[in-house]
file model-v8.cif (mmCIF, N, CA and C atoms)
data_coords
#
loop_
_atom_site.label_atom_id
_atom_site.label_comp_id
_atom_site.auth_asym_id
_atom_site.auth_seq_id
_atom_site.Cartn_x
_atom_site.Cartn_y
_atom_site.Cartn_z
N MET Z 1 -22.01 -16.28 -11.47
CA MET Z 1 -21.85 -15.77 -10.13
C MET Z 1 -20.36 -15.77 -9.78
N THR Z 2 -19.87 -14.66 -9.30
CA THR Z 2 -18.48 -14.54 -8.88
C THR Z 2 -18.39 -14.77 -7.38
N VAL Z 3 -17.48 -15.64 -6.99
CA VAL Z 3 -17.27 -15.92 -5.57
C VAL Z 3 -16.00 -15.20 -5.13
N THR Z 4 -16.12 -14.43 -4.07
CA THR Z 4 -14.97 -13.72 -3.53
C THR Z 4 -14.54 -14.42 -2.25
N GLN Z 5 -13.27 -14.75 -2.17
CA GLN Z 5 -12.73 -15.42 -0.99
C GLN Z 5 -11.97 -14.40 -0.14
N THR Z 6 -12.25 -14.38 1.14
CA THR Z 6 -11.60 -13.45 2.05
C THR Z 6 -10.75 -14.23 3.04
N THR Z 7 -9.53 -13.77 3.22
CA THR Z 7 -8.63 -14.37 4.20
C THR Z 7 -8.31 -13.32 5.24
N THR Z 8 -8.45 -13.67 6.49
CA THR Z 8 -8.11 -12.76 7.58
C THR Z 8 -6.81 -13.22 8.20
N ILE Z 9 -5.87 -12.29 8.34
CA ILE Z 9 -4.60 -12.61 8.98
C ILE Z 9 -4.38 -11.62 10.12
N VAL Z 10 -3.55 -12.00 11.05
CA VAL Z 10 -3.19 -11.12 12.15
C VAL Z 10 -1.67 -11.03 12.20
N PRO Z 11 -1.10 -9.95 11.62
CA PRO Z 11 0.35 -9.80 11.67
C PRO Z 11 0.82 -9.66 13.12
N ASP Z 12 2.08 -9.99 13.36
CA ASP Z 12 2.65 -9.87 14.69
C ASP Z 12 3.40 -8.57 14.90
N VAL Z 13 3.72 -7.86 13.85
CA VAL Z 13 4.47 -6.61 13.96
C VAL Z 13 3.67 -5.51 13.25
N TYR Z 14 3.46 -4.40 13.96
CA TYR Z 14 2.74 -3.26 13.39
C TYR Z 14 3.58 -2.01 13.55
N PRO Z 15 4.36 -1.64 12.54
CA PRO Z 15 5.05 -0.36 12.63
C PRO Z 15 4.00 0.74 12.83
N THR Z 16 4.28 1.67 13.73
CA THR Z 16 3.34 2.73 14.05
C THR Z 16 4.02 4.08 13.86
N LEU Z 17 3.37 4.95 13.11
CA LEU Z 17 3.93 6.24 12.74
C LEU Z 17 3.01 7.36 13.19
N ARG Z 18 3.60 8.51 13.47
CA ARG Z 18 2.83 9.73 13.80
C ARG Z 18 3.13 10.78 12.75
N TYR Z 19 2.08 11.47 12.32
CA TYR Z 19 2.20 12.49 11.28
C TYR Z 19 1.58 13.79 11.75
N GLN Z 20 2.14 14.89 11.29
CA GLN Z 20 1.53 16.20 11.55
C GLN Z 20 0.17 16.29 10.86
N ASP Z 21 0.07 15.79 9.63
CA ASP Z 21 -1.20 15.77 8.90
C ASP Z 21 -1.49 14.32 8.52
N ALA Z 22 -2.09 13.59 9.44
CA ALA Z 22 -2.30 12.14 9.26
C ALA Z 22 -3.25 11.84 8.10
N MET Z 23 -4.29 12.64 7.90
CA MET Z 23 -5.21 12.36 6.78
C MET Z 23 -4.50 12.52 5.44
N ALA Z 24 -3.69 13.55 5.32
CA ALA Z 24 -2.93 13.73 4.08
C ALA Z 24 -1.95 12.57 3.90
N ALA Z 25 -1.34 12.11 4.99
CA ALA Z 25 -0.40 10.99 4.91
C ALA Z 25 -1.10 9.73 4.44
N ILE Z 26 -2.31 9.48 4.95
CA ILE Z 26 -3.07 8.29 4.55
C ILE Z 26 -3.34 8.33 3.05
N GLU Z 27 -3.82 9.45 2.56
CA GLU Z 27 -4.11 9.57 1.12
C GLU Z 27 -2.83 9.40 0.30
N TRP Z 28 -1.74 9.99 0.77
CA TRP Z 28 -0.47 9.90 0.05
C TRP Z 28 0.02 8.45 0.02
N LEU Z 29 -0.03 7.76 1.14
CA LEU Z 29 0.43 6.37 1.20
C LEU Z 29 -0.42 5.47 0.31
N GLU Z 30 -1.72 5.74 0.23
CA GLU Z 30 -2.60 4.98 -0.67
C GLU Z 30 -2.21 5.23 -2.13
N ASN Z 31 -2.07 6.49 -2.50
CA ASN Z 31 -1.81 6.84 -3.89
C ASN Z 31 -0.39 6.51 -4.34
N ALA Z 32 0.60 6.83 -3.54
CA ALA Z 32 1.99 6.66 -3.96
C ALA Z 32 2.48 5.23 -3.81
N PHE Z 33 2.08 4.56 -2.72
CA PHE Z 33 2.64 3.24 -2.42
C PHE Z 33 1.64 2.10 -2.50
N GLY Z 34 0.35 2.38 -2.67
CA GLY Z 34 -0.64 1.32 -2.83
C GLY Z 34 -1.18 0.73 -1.54
N PHE Z 35 -1.06 1.44 -0.43
CA PHE Z 35 -1.67 0.97 0.82
C PHE Z 35 -3.19 0.97 0.67
N LYS Z 36 -3.87 0.14 1.46
CA LYS Z 36 -5.33 0.08 1.49
C LYS Z 36 -5.81 0.49 2.87
N ARG Z 37 -6.72 1.47 2.90
CA ARG Z 37 -7.28 1.96 4.16
C ARG Z 37 -8.16 0.87 4.78
N VAL Z 38 -7.89 0.52 6.03
CA VAL Z 38 -8.70 -0.46 6.74
C VAL Z 38 -9.66 0.26 7.67
N VAL Z 39 -9.14 1.16 8.51
CA VAL Z 39 -9.98 1.91 9.43
C VAL Z 39 -9.28 3.22 9.78
N VAL Z 40 -10.09 4.27 9.97
CA VAL Z 40 -9.58 5.57 10.40
C VAL Z 40 -10.53 6.11 11.46
N TYR Z 41 -9.98 6.40 12.66
CA TYR Z 41 -10.76 6.98 13.75
C TYR Z 41 -10.32 8.42 13.97
N PRO Z 42 -11.22 9.39 13.76
CA PRO Z 42 -10.86 10.79 13.99
C PRO Z 42 -10.59 11.04 15.48
N ASP Z 43 -9.80 12.07 15.77
CA ASP Z 43 -9.49 12.38 17.16
C ASP Z 43 -10.36 13.48 17.75
N GLY Z 44 -11.29 14.01 16.96
CA GLY Z 44 -12.18 15.06 17.46
C GLY Z 44 -11.61 16.46 17.33
N ASP Z 45 -10.34 16.57 16.96
CA ASP Z 45 -9.70 17.88 16.79
C ASP Z 45 -9.21 18.08 15.37
N GLY Z 46 -9.80 17.36 14.42
CA GLY Z 46 -9.38 17.48 13.03
C GLY Z 46 -8.24 16.57 12.63
N GLY Z 47 -7.78 15.75 13.57
CA GLY Z 47 -6.69 14.82 13.29
C GLY Z 47 -7.18 13.39 13.31
N VAL Z 48 -6.23 12.48 13.42
CA VAL Z 48 -6.53 11.05 13.41
C VAL Z 48 -6.04 10.44 14.73
N ALA Z 49 -6.96 9.85 15.49
CA ALA Z 49 -6.58 9.18 16.74
C ALA Z 49 -5.88 7.87 16.44
N HIS Z 50 -6.39 7.13 15.46
CA HIS Z 50 -5.82 5.82 15.12
C HIS Z 50 -6.27 5.45 13.71
N ALA Z 51 -5.34 4.92 12.92
CA ALA Z 51 -5.67 4.43 11.59
C ALA Z 51 -4.86 3.17 11.33
N GLU Z 52 -5.42 2.29 10.51
CA GLU Z 52 -4.73 1.07 10.08
C GLU Z 52 -4.78 1.01 8.56
N LEU Z 53 -3.60 0.78 7.96
CA LEU Z 53 -3.49 0.66 6.51
C LEU Z 53 -2.86 -0.68 6.20
N ALA Z 54 -3.48 -1.43 5.30
CA ALA Z 54 -2.97 -2.74 4.91
C ALA Z 54 -2.04 -2.63 3.72
N PHE Z 55 -1.05 -3.53 3.70
CA PHE Z 55 -0.14 -3.64 2.57
C PHE Z 55 0.23 -5.11 2.47
N GLY Z 56 -0.21 -5.78 1.41
CA GLY Z 56 0.04 -7.22 1.29
C GLY Z 56 -0.54 -7.93 2.50
N ASN Z 57 0.29 -8.75 3.17
CA ASN Z 57 -0.21 -9.46 4.34
C ASN Z 57 0.22 -8.79 5.65
N GLY Z 58 0.56 -7.51 5.57
CA GLY Z 58 0.96 -6.75 6.75
C GLY Z 58 0.18 -5.46 6.87
N ALA Z 59 0.52 -4.69 7.88
CA ALA Z 59 -0.19 -3.44 8.11
C ALA Z 59 0.69 -2.47 8.88
N VAL Z 60 0.36 -1.19 8.75
CA VAL Z 60 0.94 -0.16 9.60
C VAL Z 60 -0.21 0.54 10.31
N MET Z 61 0.10 1.09 11.47
CA MET Z 61 -0.85 1.92 12.18
C MET Z 61 -0.27 3.33 12.21
N LEU Z 62 -1.15 4.31 12.19
CA LEU Z 62 -0.66 5.68 12.26
C LEU Z 62 -1.71 6.57 12.88
N GLY Z 63 -1.26 7.76 13.24
CA GLY Z 63 -2.16 8.75 13.81
C GLY Z 63 -1.49 10.11 13.80
N SER Z 64 -2.23 11.10 14.29
CA SER Z 64 -1.70 12.45 14.37
C SER Z 64 -0.77 12.57 15.57
N LEU Z 65 0.24 13.43 15.41
CA LEU Z 65 1.09 13.76 16.55
C LEU Z 65 0.23 14.45 17.59
N LYS Z 66 0.46 14.18 18.86
CA LYS Z 66 -0.31 14.81 19.92
C LYS Z 66 0.01 16.29 19.96
N GLN Z 67 -0.97 17.06 20.33
CA GLN Z 67 -0.80 18.50 20.33
C GLN Z 67 -1.17 19.05 21.71
N ALA Z 68 -0.22 19.70 22.36
CA ALA Z 68 -0.52 20.37 23.62
C ALA Z 68 -1.27 21.66 23.31
N ALA Z 69 -2.03 22.14 24.26
CA ALA Z 69 -2.84 23.35 24.06
C ALA Z 69 -1.97 24.50 23.55
N GLY Z 70 -2.36 25.07 22.42
CA GLY Z 70 -1.67 26.23 21.88
C GLY Z 70 -0.36 25.93 21.18
N GLN Z 71 0.03 24.67 21.06
CA GLN Z 71 1.31 24.33 20.42
C GLN Z 71 1.06 23.61 19.10
N ALA Z 72 1.95 23.83 18.17
CA ALA Z 72 1.86 23.14 16.88
C ALA Z 72 2.26 21.69 17.07
N ARG Z 73 1.68 20.82 16.26
CA ARG Z 73 2.11 19.42 16.26
C ARG Z 73 3.52 19.36 15.70
N THR Z 74 4.38 18.62 16.36
CA THR Z 74 5.76 18.51 15.88
C THR Z 74 6.35 17.16 16.28
N ASN Z 75 7.23 16.66 15.48
CA ASN Z 75 7.91 15.41 15.83
C ASN Z 75 9.36 15.67 16.21
N GLY Z 76 9.74 16.93 16.32
CA GLY Z 76 11.10 17.27 16.71
C GLY Z 76 12.10 17.15 15.57
N GLY Z 77 11.67 16.93 14.37
CA GLY Z 77 12.56 16.80 13.23
C GLY Z 77 11.96 15.85 12.22
N GLU Z 78 12.55 15.73 11.07
CA GLU Z 78 11.97 14.82 10.09
C GLU Z 78 12.66 13.47 10.11
N GLY Z 79 12.01 12.51 9.52
CA GLY Z 79 12.58 11.18 9.39
C GLY Z 79 12.68 10.43 10.69
N ILE Z 80 11.54 10.17 11.33
CA ILE Z 80 11.58 9.49 12.62
C ILE Z 80 11.50 7.97 12.50
N SER Z 81 11.51 7.45 11.29
CA SER Z 81 11.46 6.00 11.13
C SER Z 81 11.87 5.60 9.72
N GLU Z 82 12.17 4.30 9.58
CA GLU Z 82 12.36 3.70 8.26
C GLU Z 82 11.72 2.33 8.29
N ILE Z 83 10.97 2.02 7.26
CA ILE Z 83 10.23 0.76 7.21
C ILE Z 83 10.51 0.09 5.87
N TYR Z 84 10.73 -1.24 5.91
CA TYR Z 84 10.94 -2.03 4.69
C TYR Z 84 9.67 -2.84 4.42
N LEU Z 85 9.25 -2.85 3.15
CA LEU Z 85 8.10 -3.65 2.72
C LEU Z 85 8.47 -4.48 1.51
N ARG Z 86 8.04 -5.73 1.51
CA ARG Z 86 8.27 -6.62 0.38
C ARG Z 86 7.16 -6.44 -0.63
N VAL Z 87 7.55 -6.30 -1.91
CA VAL Z 87 6.59 -6.19 -3.01
C VAL Z 87 6.98 -7.18 -4.09
N ASP Z 88 6.00 -7.65 -4.86
CA ASP Z 88 6.29 -8.63 -5.91
C ASP Z 88 6.99 -8.02 -7.11
N ASP Z 89 6.56 -6.84 -7.54
CA ASP Z 89 7.11 -6.21 -8.74
C ASP Z 89 7.71 -4.86 -8.34
N VAL Z 90 8.97 -4.88 -7.97
CA VAL Z 90 9.64 -3.69 -7.44
C VAL Z 90 9.70 -2.58 -8.49
N GLN Z 91 10.02 -2.92 -9.71
CA GLN Z 91 10.13 -1.92 -10.77
C GLN Z 91 8.81 -1.18 -10.97
N SER Z 92 7.70 -1.91 -11.04
CA SER Z 92 6.39 -1.26 -11.20
C SER Z 92 6.05 -0.39 -10.00
N HIS Z 93 6.38 -0.89 -8.81
CA HIS Z 93 6.11 -0.12 -7.60
C HIS Z 93 6.93 1.17 -7.59
N PHE Z 94 8.19 1.06 -7.97
CA PHE Z 94 9.07 2.23 -8.08
C PHE Z 94 8.49 3.24 -9.07
N ASN Z 95 8.06 2.76 -10.23
CA ASN Z 95 7.50 3.64 -11.25
C ASN Z 95 6.26 4.36 -10.74
N ARG Z 96 5.41 3.64 -10.01
CA ARG Z 96 4.19 4.23 -9.45
C ARG Z 96 4.54 5.34 -8.46
N ALA Z 97 5.44 5.03 -7.52
CA ALA Z 97 5.82 6.01 -6.50
C ALA Z 97 6.44 7.25 -7.14
N LYS Z 98 7.32 7.03 -8.11
CA LYS Z 98 8.00 8.15 -8.79
C LYS Z 98 6.99 8.99 -9.56
N ALA Z 99 6.03 8.34 -10.23
CA ALA Z 99 5.02 9.07 -11.00
C ALA Z 99 4.15 9.92 -10.09
N TYR Z 100 3.95 9.47 -8.86
CA TYR Z 100 3.14 10.23 -7.92
C TYR Z 100 3.95 11.34 -7.24
N GLY Z 101 5.22 11.39 -7.49
CA GLY Z 101 6.06 12.46 -6.96
C GLY Z 101 6.78 12.12 -5.68
N ALA Z 102 6.90 10.84 -5.35
CA ALA Z 102 7.63 10.45 -4.14
C ALA Z 102 9.08 10.90 -4.25
N GLU Z 103 9.63 11.38 -3.16
CA GLU Z 103 11.04 11.77 -3.13
C GLU Z 103 11.88 10.49 -3.04
N ILE Z 104 12.56 10.14 -4.09
CA ILE Z 104 13.39 8.94 -4.12
C ILE Z 104 14.71 9.25 -3.44
N VAL Z 105 15.01 8.53 -2.36
CA VAL Z 105 16.26 8.78 -1.63
C VAL Z 105 17.32 7.72 -1.92
N ARG Z 106 16.90 6.60 -2.48
CA ARG Z 106 17.83 5.57 -2.96
C ARG Z 106 17.19 5.00 -4.22
N ASP Z 107 17.81 5.25 -5.34
CA ASP Z 107 17.24 4.87 -6.63
C ASP Z 107 17.08 3.36 -6.74
N PHE Z 108 16.17 2.95 -7.62
CA PHE Z 108 15.94 1.54 -7.88
C PHE Z 108 17.23 0.88 -8.37
N GLN Z 109 17.61 -0.23 -7.73
CA GLN Z 109 18.83 -0.96 -8.13
C GLN Z 109 18.82 -2.37 -7.56
N PRO Z 110 19.40 -3.32 -8.28
CA PRO Z 110 19.57 -4.66 -7.72
C PRO Z 110 20.60 -4.61 -6.59
N THR Z 111 20.49 -5.53 -5.65
CA THR Z 111 21.47 -5.62 -4.57
C THR Z 111 21.95 -7.06 -4.46
N GLU Z 112 22.93 -7.27 -3.62
CA GLU Z 112 23.48 -8.61 -3.42
C GLU Z 112 22.41 -9.57 -2.90
N TYR Z 113 21.51 -9.08 -2.06
CA TYR Z 113 20.50 -9.93 -1.46
C TYR Z 113 19.15 -9.85 -2.16
N ASP Z 114 18.98 -8.92 -3.09
CA ASP Z 114 17.70 -8.74 -3.76
C ASP Z 114 17.94 -8.39 -5.23
N THR Z 115 18.15 -9.41 -6.05
CA THR Z 115 18.48 -9.18 -7.45
C THR Z 115 17.33 -8.57 -8.23
N ALA Z 116 16.09 -8.67 -7.73
CA ALA Z 116 14.95 -8.04 -8.40
C ALA Z 116 14.94 -6.53 -8.16
N GLY Z 117 15.76 -6.06 -7.25
CA GLY Z 117 15.90 -4.63 -7.03
C GLY Z 117 15.25 -4.15 -5.75
N THR Z 118 15.67 -2.97 -5.36
CA THR Z 118 15.15 -2.31 -4.17
C THR Z 118 15.27 -0.81 -4.37
N TYR Z 119 14.48 -0.03 -3.63
CA TYR Z 119 14.58 1.42 -3.66
C TYR Z 119 14.02 1.97 -2.36
N SER Z 120 14.32 3.23 -2.08
CA SER Z 120 13.79 3.90 -0.89
C SER Z 120 13.23 5.25 -1.28
N ALA Z 121 12.15 5.64 -0.61
CA ALA Z 121 11.51 6.93 -0.85
C ALA Z 121 11.11 7.55 0.48
N ARG Z 122 11.10 8.87 0.51
CA ARG Z 122 10.70 9.59 1.72
C ARG Z 122 9.28 10.11 1.52
N ASP Z 123 8.44 9.93 2.54
CA ASP Z 123 7.08 10.46 2.45
C ASP Z 123 7.09 11.95 2.80
N PRO Z 124 5.97 12.65 2.64
CA PRO Z 124 5.97 14.10 2.83
C PRO Z 124 6.37 14.57 4.24
N GLU Z 125 6.35 13.69 5.24
CA GLU Z 125 6.74 14.11 6.58
C GLU Z 125 8.06 13.51 7.04
N GLY Z 126 8.82 12.93 6.10
CA GLY Z 126 10.19 12.53 6.39
C GLY Z 126 10.42 11.07 6.70
N HIS Z 127 9.38 10.25 6.81
CA HIS Z 127 9.58 8.83 7.04
C HIS Z 127 10.16 8.20 5.77
N VAL Z 128 11.12 7.30 5.94
CA VAL Z 128 11.73 6.63 4.79
C VAL Z 128 11.12 5.23 4.66
N TRP Z 129 10.67 4.93 3.45
CA TRP Z 129 10.07 3.63 3.12
C TRP Z 129 10.97 2.96 2.09
N SER Z 130 11.39 1.72 2.38
CA SER Z 130 12.21 0.95 1.44
C SER Z 130 11.38 -0.22 0.93
N PHE Z 131 11.51 -0.50 -0.36
CA PHE Z 131 10.74 -1.56 -1.01
C PHE Z 131 11.68 -2.47 -1.77
N GLY Z 132 11.41 -3.77 -1.72
CA GLY Z 132 12.18 -4.75 -2.45
C GLY Z 132 11.42 -6.06 -2.51
N SER Z 133 11.95 -7.01 -3.25
CA SER Z 133 11.28 -8.31 -3.34
C SER Z 133 11.79 -9.30 -2.30
N TYR Z 134 12.86 -8.93 -1.60
CA TYR Z 134 13.43 -9.82 -0.59
C TYR Z 134 12.51 -9.89 0.62
N GLY Z 135 12.20 -11.10 1.05
CA GLY Z 135 11.42 -11.33 2.25
C GLY Z 135 12.00 -12.53 2.98
N PRO Z 136 12.70 -12.32 4.08
CA PRO Z 136 13.35 -13.44 4.75
C PRO Z 136 12.32 -14.44 5.31
N GLU Z 137 12.64 -15.71 5.19
CA GLU Z 137 11.82 -16.75 5.79
C GLU Z 137 12.29 -16.94 7.23
N LEU Z 138 11.36 -16.95 8.16
CA LEU Z 138 11.70 -17.09 9.56
C LEU Z 138 11.26 -18.46 10.06
N THR Z 139 12.16 -19.16 10.70
CA THR Z 139 11.84 -20.43 11.33
C THR Z 139 11.94 -20.21 12.83
N LEU Z 140 10.82 -20.36 13.51
CA LEU Z 140 10.76 -20.11 14.94
C LEU Z 140 10.64 -21.43 15.69
N THR Z 141 11.38 -21.58 16.73
CA THR Z 141 11.26 -22.76 17.59
C THR Z 141 11.08 -22.30 19.03
N ASP Z 142 10.38 -23.11 19.79
CA ASP Z 142 10.16 -22.77 21.20
C ASP Z 142 11.36 -23.08 22.05
#
call {"tool": "encode", "arguments": {"input": "model-v8.cif", "output": "structure tokens"}}
result
Amino acid sequence: MTVTQTTTIVPDVYPTLRYQDAMAAIEWLENAFGFKRVVVYPDGDGGVAHAELAFGNGAVMLGSLKQAAGQARTNGGEGISEIYLRVDDVQSHFNRAKAYGAEIVRDFQPTEYDTAGTYSARDPEGHVWSFGSYGPELTLTD
């Protein structure tokens, strides 16, 4: 008998993104970067009202850009955000993203603060995602 252990966490920060084609973005983020779909709520107009995707012990929320009657969905330009995510094996993650056709905007390379390497890629709607093994430890006091 295999026992599966589940841990529930509640992150304190949820980067939230809007996409012209949110369903395509969800599939792309799953395939290229390894996100896991948690929940997707349709908006009734062929888009996504709200979605949550898990990555490690964090998550992002996303949805479709709002559309006024008769107007195309638009964000006013590309690249409306940049998000950094910590991964254990940066080289493998880079290889996966590149194999899936991610647009690499900063090639895989070690840095002064992350000797295991870091890289950045742009998703199909212009958001920039940076990945590395560096994860700062935070000590909070009241």
call {"tool": "closest_residue", "arguments": {"input": "model-v8.cif", "among": "Z:Asp45, Z:His127, Z:Leu53, Z:Ser64", "to": "Arg18 (chain Z)", "atoms": "all atoms listed in the file"}}
result
Z:Ser64
call {"tool": "residues_around", "arguments": {"input": "model-v8.cif", "residues": "Tyr84 (chain Z)", "least_positions_apart": "3", "cutoff": "6 Å", "atoms": "all atoms listed in the file", "output": "number ranges by chain"}}
result
Z: 129-131
call {"tool": "atom_distance", "arguments": {"input": "model-v8.cif", "atom1": "atom C of Thr16 (chain Z)", "atom2": "atom C of Leu62 (chain Z)"}}
result
6.3 Å
call {"tool": "atom_distance", "arguments": {"input": "model-v8.cif", "atom1": "atom C of Arg96 (chain Z)", "atom2": "atom C of Ala32 (chain Z)"}}
result
5.1 Å
call {"tool": "closest_residue", "arguments": {"input": "model-v8.cif", "among": "Z:Met61, Z:Val39, Z:Ile104, Z:Pro15", "to": "Arg122 (chain Z)", "atoms": "only N, CA and C atoms"}}
result
Z:Ile104
call {"tool": "closest_residue", "arguments": {"input": "model-v8.cif", "among": "Z:Thr118, Z:Phe55, Z:Val87, Z:Gln20", "to": "Arg37 (chain Z)", "atoms": "only N, CA and C atoms"}}
result
Z:Phe55
call {"tool": "residues_around", "arguments": {"input": "model-v8.cif", "residues": "Ala25 (chain Z)", "least_positions_apart": "4", "cutoff": "8 Å", "atoms": "only C-alpha atoms", "output": "list of chain:residue names"}}
result
Z:Tyr19, Z:Asp21, Z:Leu29, Z:Asp123, Z:Pro124, Z:Glu125
call {"tool": "closest_residue", "arguments": {"input": "model-v8.cif", "among": "Z:Lys98, Z:Arg86, Z:His50, Z:His93", "to": "Gly132 (chain Z)", "atoms": "only C-alpha atoms"}}
result
Z:Arg86
call {"tool": "atom_distance", "arguments": {"input": "model-v8.cif", "atom1": "CA of Ala24 (chain Z)", "atom2": "CA of Val128 (chain Z)"}}
result
16.3 Å
call {"tool": "residues_near_point", "arguments": {"input": "model-v8.cif", "point": "(16.0, 8.3, -1.6)", "cutoff": "7 Å", "atoms": "only C-alpha atoms", "output": "PyMOL selection string"}}
result
chain Z and resi 103-107+120-122
call {"tool": "write_last_selection", "arguments": {"input": "model-v8.cif", "atoms": "N, CA and C atoms", "output": "CSV table (one decimal), in the coordinates of the input"}}
result
chain,number,residue,atom,x,y,z
Z,103,GLU,N,9.6,11.4,-3.2
Z,103,GLU,CA,11.0,11.8,-3.1
Z,103,GLU,C,11.9,10.5,-3.0
Z,104,ILE,N,12.6,10.1,-4.1
Z,104,ILE,CA,13.4,8.9,-4.1
Z,104,ILE,C,14.7,9.2,-3.4
Z,105,VAL,N,15.0,8.5,-2.4
Z,105,VAL,CA,16.3,8.8,-1.6
Z,105,VAL,C,17.3,7.7,-1.9
Z,106,ARG,N,16.9,6.6,-2.5
Z,106,ARG,CA,17.8,5.6,-3.0
Z,106,ARG,C,17.2,5.0,-4.2
Z,107,ASP,N,17.8,5.2,-5.3
Z,107,ASP,CA,17.2,4.9,-6.6
Z,107,ASP,C,17.1,3.4,-6.7
Z,120,SER,N,14.3,3.2,-2.1
Z,120,SER,CA,13.8,3.9,-0.9
Z,120,SER,C,13.2,5.2,-1.3
Z,121,ALA,N,12.2,5.6,-0.6
Z,121,ALA,CA,11.5,6.9,-0.8
Z,121,ALA,C,11.1,7.6,0.5
Z,122,ARG,N,11.1,8.9,0.5
Z,122,ARG,CA,10.7,9.6,1.7
Z,122,ARG,C,9.3,10.1,1.5
call {"tool": "select_by_dssp", "arguments": {"input": "model-v8.cif", "residues": "region 42-132 of chain Z", "states": "strand (DSSP E)", "output": "PyMOL selection string"}}
result
chain Z and resi 42+48-55+58-64+82-86+103-109+118-122+128-132
call {"tool": "closest_residue", "arguments": {"input": "model-v8.cif", "among": "Z:Glu27, Z:Glu82, Z:Asp88, Z:Asp43", "to": "Tyr134 (chain Z)", "atoms": "all atoms listed in the file"}}
result
Z:Asp88
call {"tool": "select_by_dssp", "arguments": {"input": "model-v8.cif", "residues": "region 25-70 of chain Z", "states": "helix (DSSP H, G or I)", "output": "NGL selection string"}}
result
:Z and (25-33)
call {"tool": "write_last_selection", "arguments": {"input": "model-v8.cif", "atoms": "N, CA and C atoms", "output": "short mmCIF file (atom, residue, chain, number, x, y, z; two decimals), in the frame of the given file"}}
result
data_model
loop_
_atom_site.label_atom_id
_atom_site.label_comp_id
_atom_site.auth_asym_id
_atom_site.auth_seq_id
_atom_site.Cartn_x
_atom_site.Cartn_y
_atom_site.Cartn_z
N ALA Z 25 -1.34 12.11 4.99
CA ALA Z 25 -0.40 10.99 4.91
C ALA Z 25 -1.10 9.73 4.44
N ILE Z 26 -2.31 9.48 4.95
CA ILE Z 26 -3.07 8.29 4.55
C ILE Z 26 -3.34 8.33 3.05
N GLU Z 27 -3.82 9.45 2.56
CA GLU Z 27 -4.11 9.57 1.12
C GLU Z 27 -2.83 9.40 0.30
N TRP Z 28 -1.74 9.99 0.77
CA TRP Z 28 -0.47 9.90 0.05
C TRP Z 28 0.02 8.45 0.02
N LEU Z 29 -0.03 7.76 1.14
CA LEU Z 29 0.43 6.37 1.20
C LEU Z 29 -0.42 5.47 0.31
N GLU Z 30 -1.72 5.74 0.23
CA GLU Z 30 -2.60 4.98 -0.67
C GLU Z 30 -2.21 5.23 -2.13
N ASN Z 31 -2.07 6.49 -2.50
CA ASN Z 31 -1.81 6.84 -3.89
C ASN Z 31 -0.39 6.51 -4.34
N ALA Z 32 0.60 6.83 -3.54
CA ALA Z 32 1.99 6.66 -3.96
C ALA Z 32 2.48 5.23 -3.81
N PHE Z 33 2.08 4.56 -2.72
CA PHE Z 33 2.64 3.24 -2.42
C PHE Z 33 1.64 2.10 -2.50
#
call {"tool": "axis_aligned_box", "arguments": {"input": "model-v8.cif", "around": "region 97-110 of chain Z", "padding_each_side": "6 Å", "output": "lines of an AutoDock Vina configuration file"}}
result
center_x = 11.9
center_y = 3.9
center_z = -6.3
size_x = 29.5
size_y = 29.1
size_z = 21.4
call {"tool": "closest_residue", "arguments": {"input": "model-v8.cif", "among": "Z:Gly101, Z:Gly135, Z:Asn31, Z:Thr115", "to": "Leu85 (chain Z)", "atoms": "all atoms listed in the file"}}
result
Z:Gly135
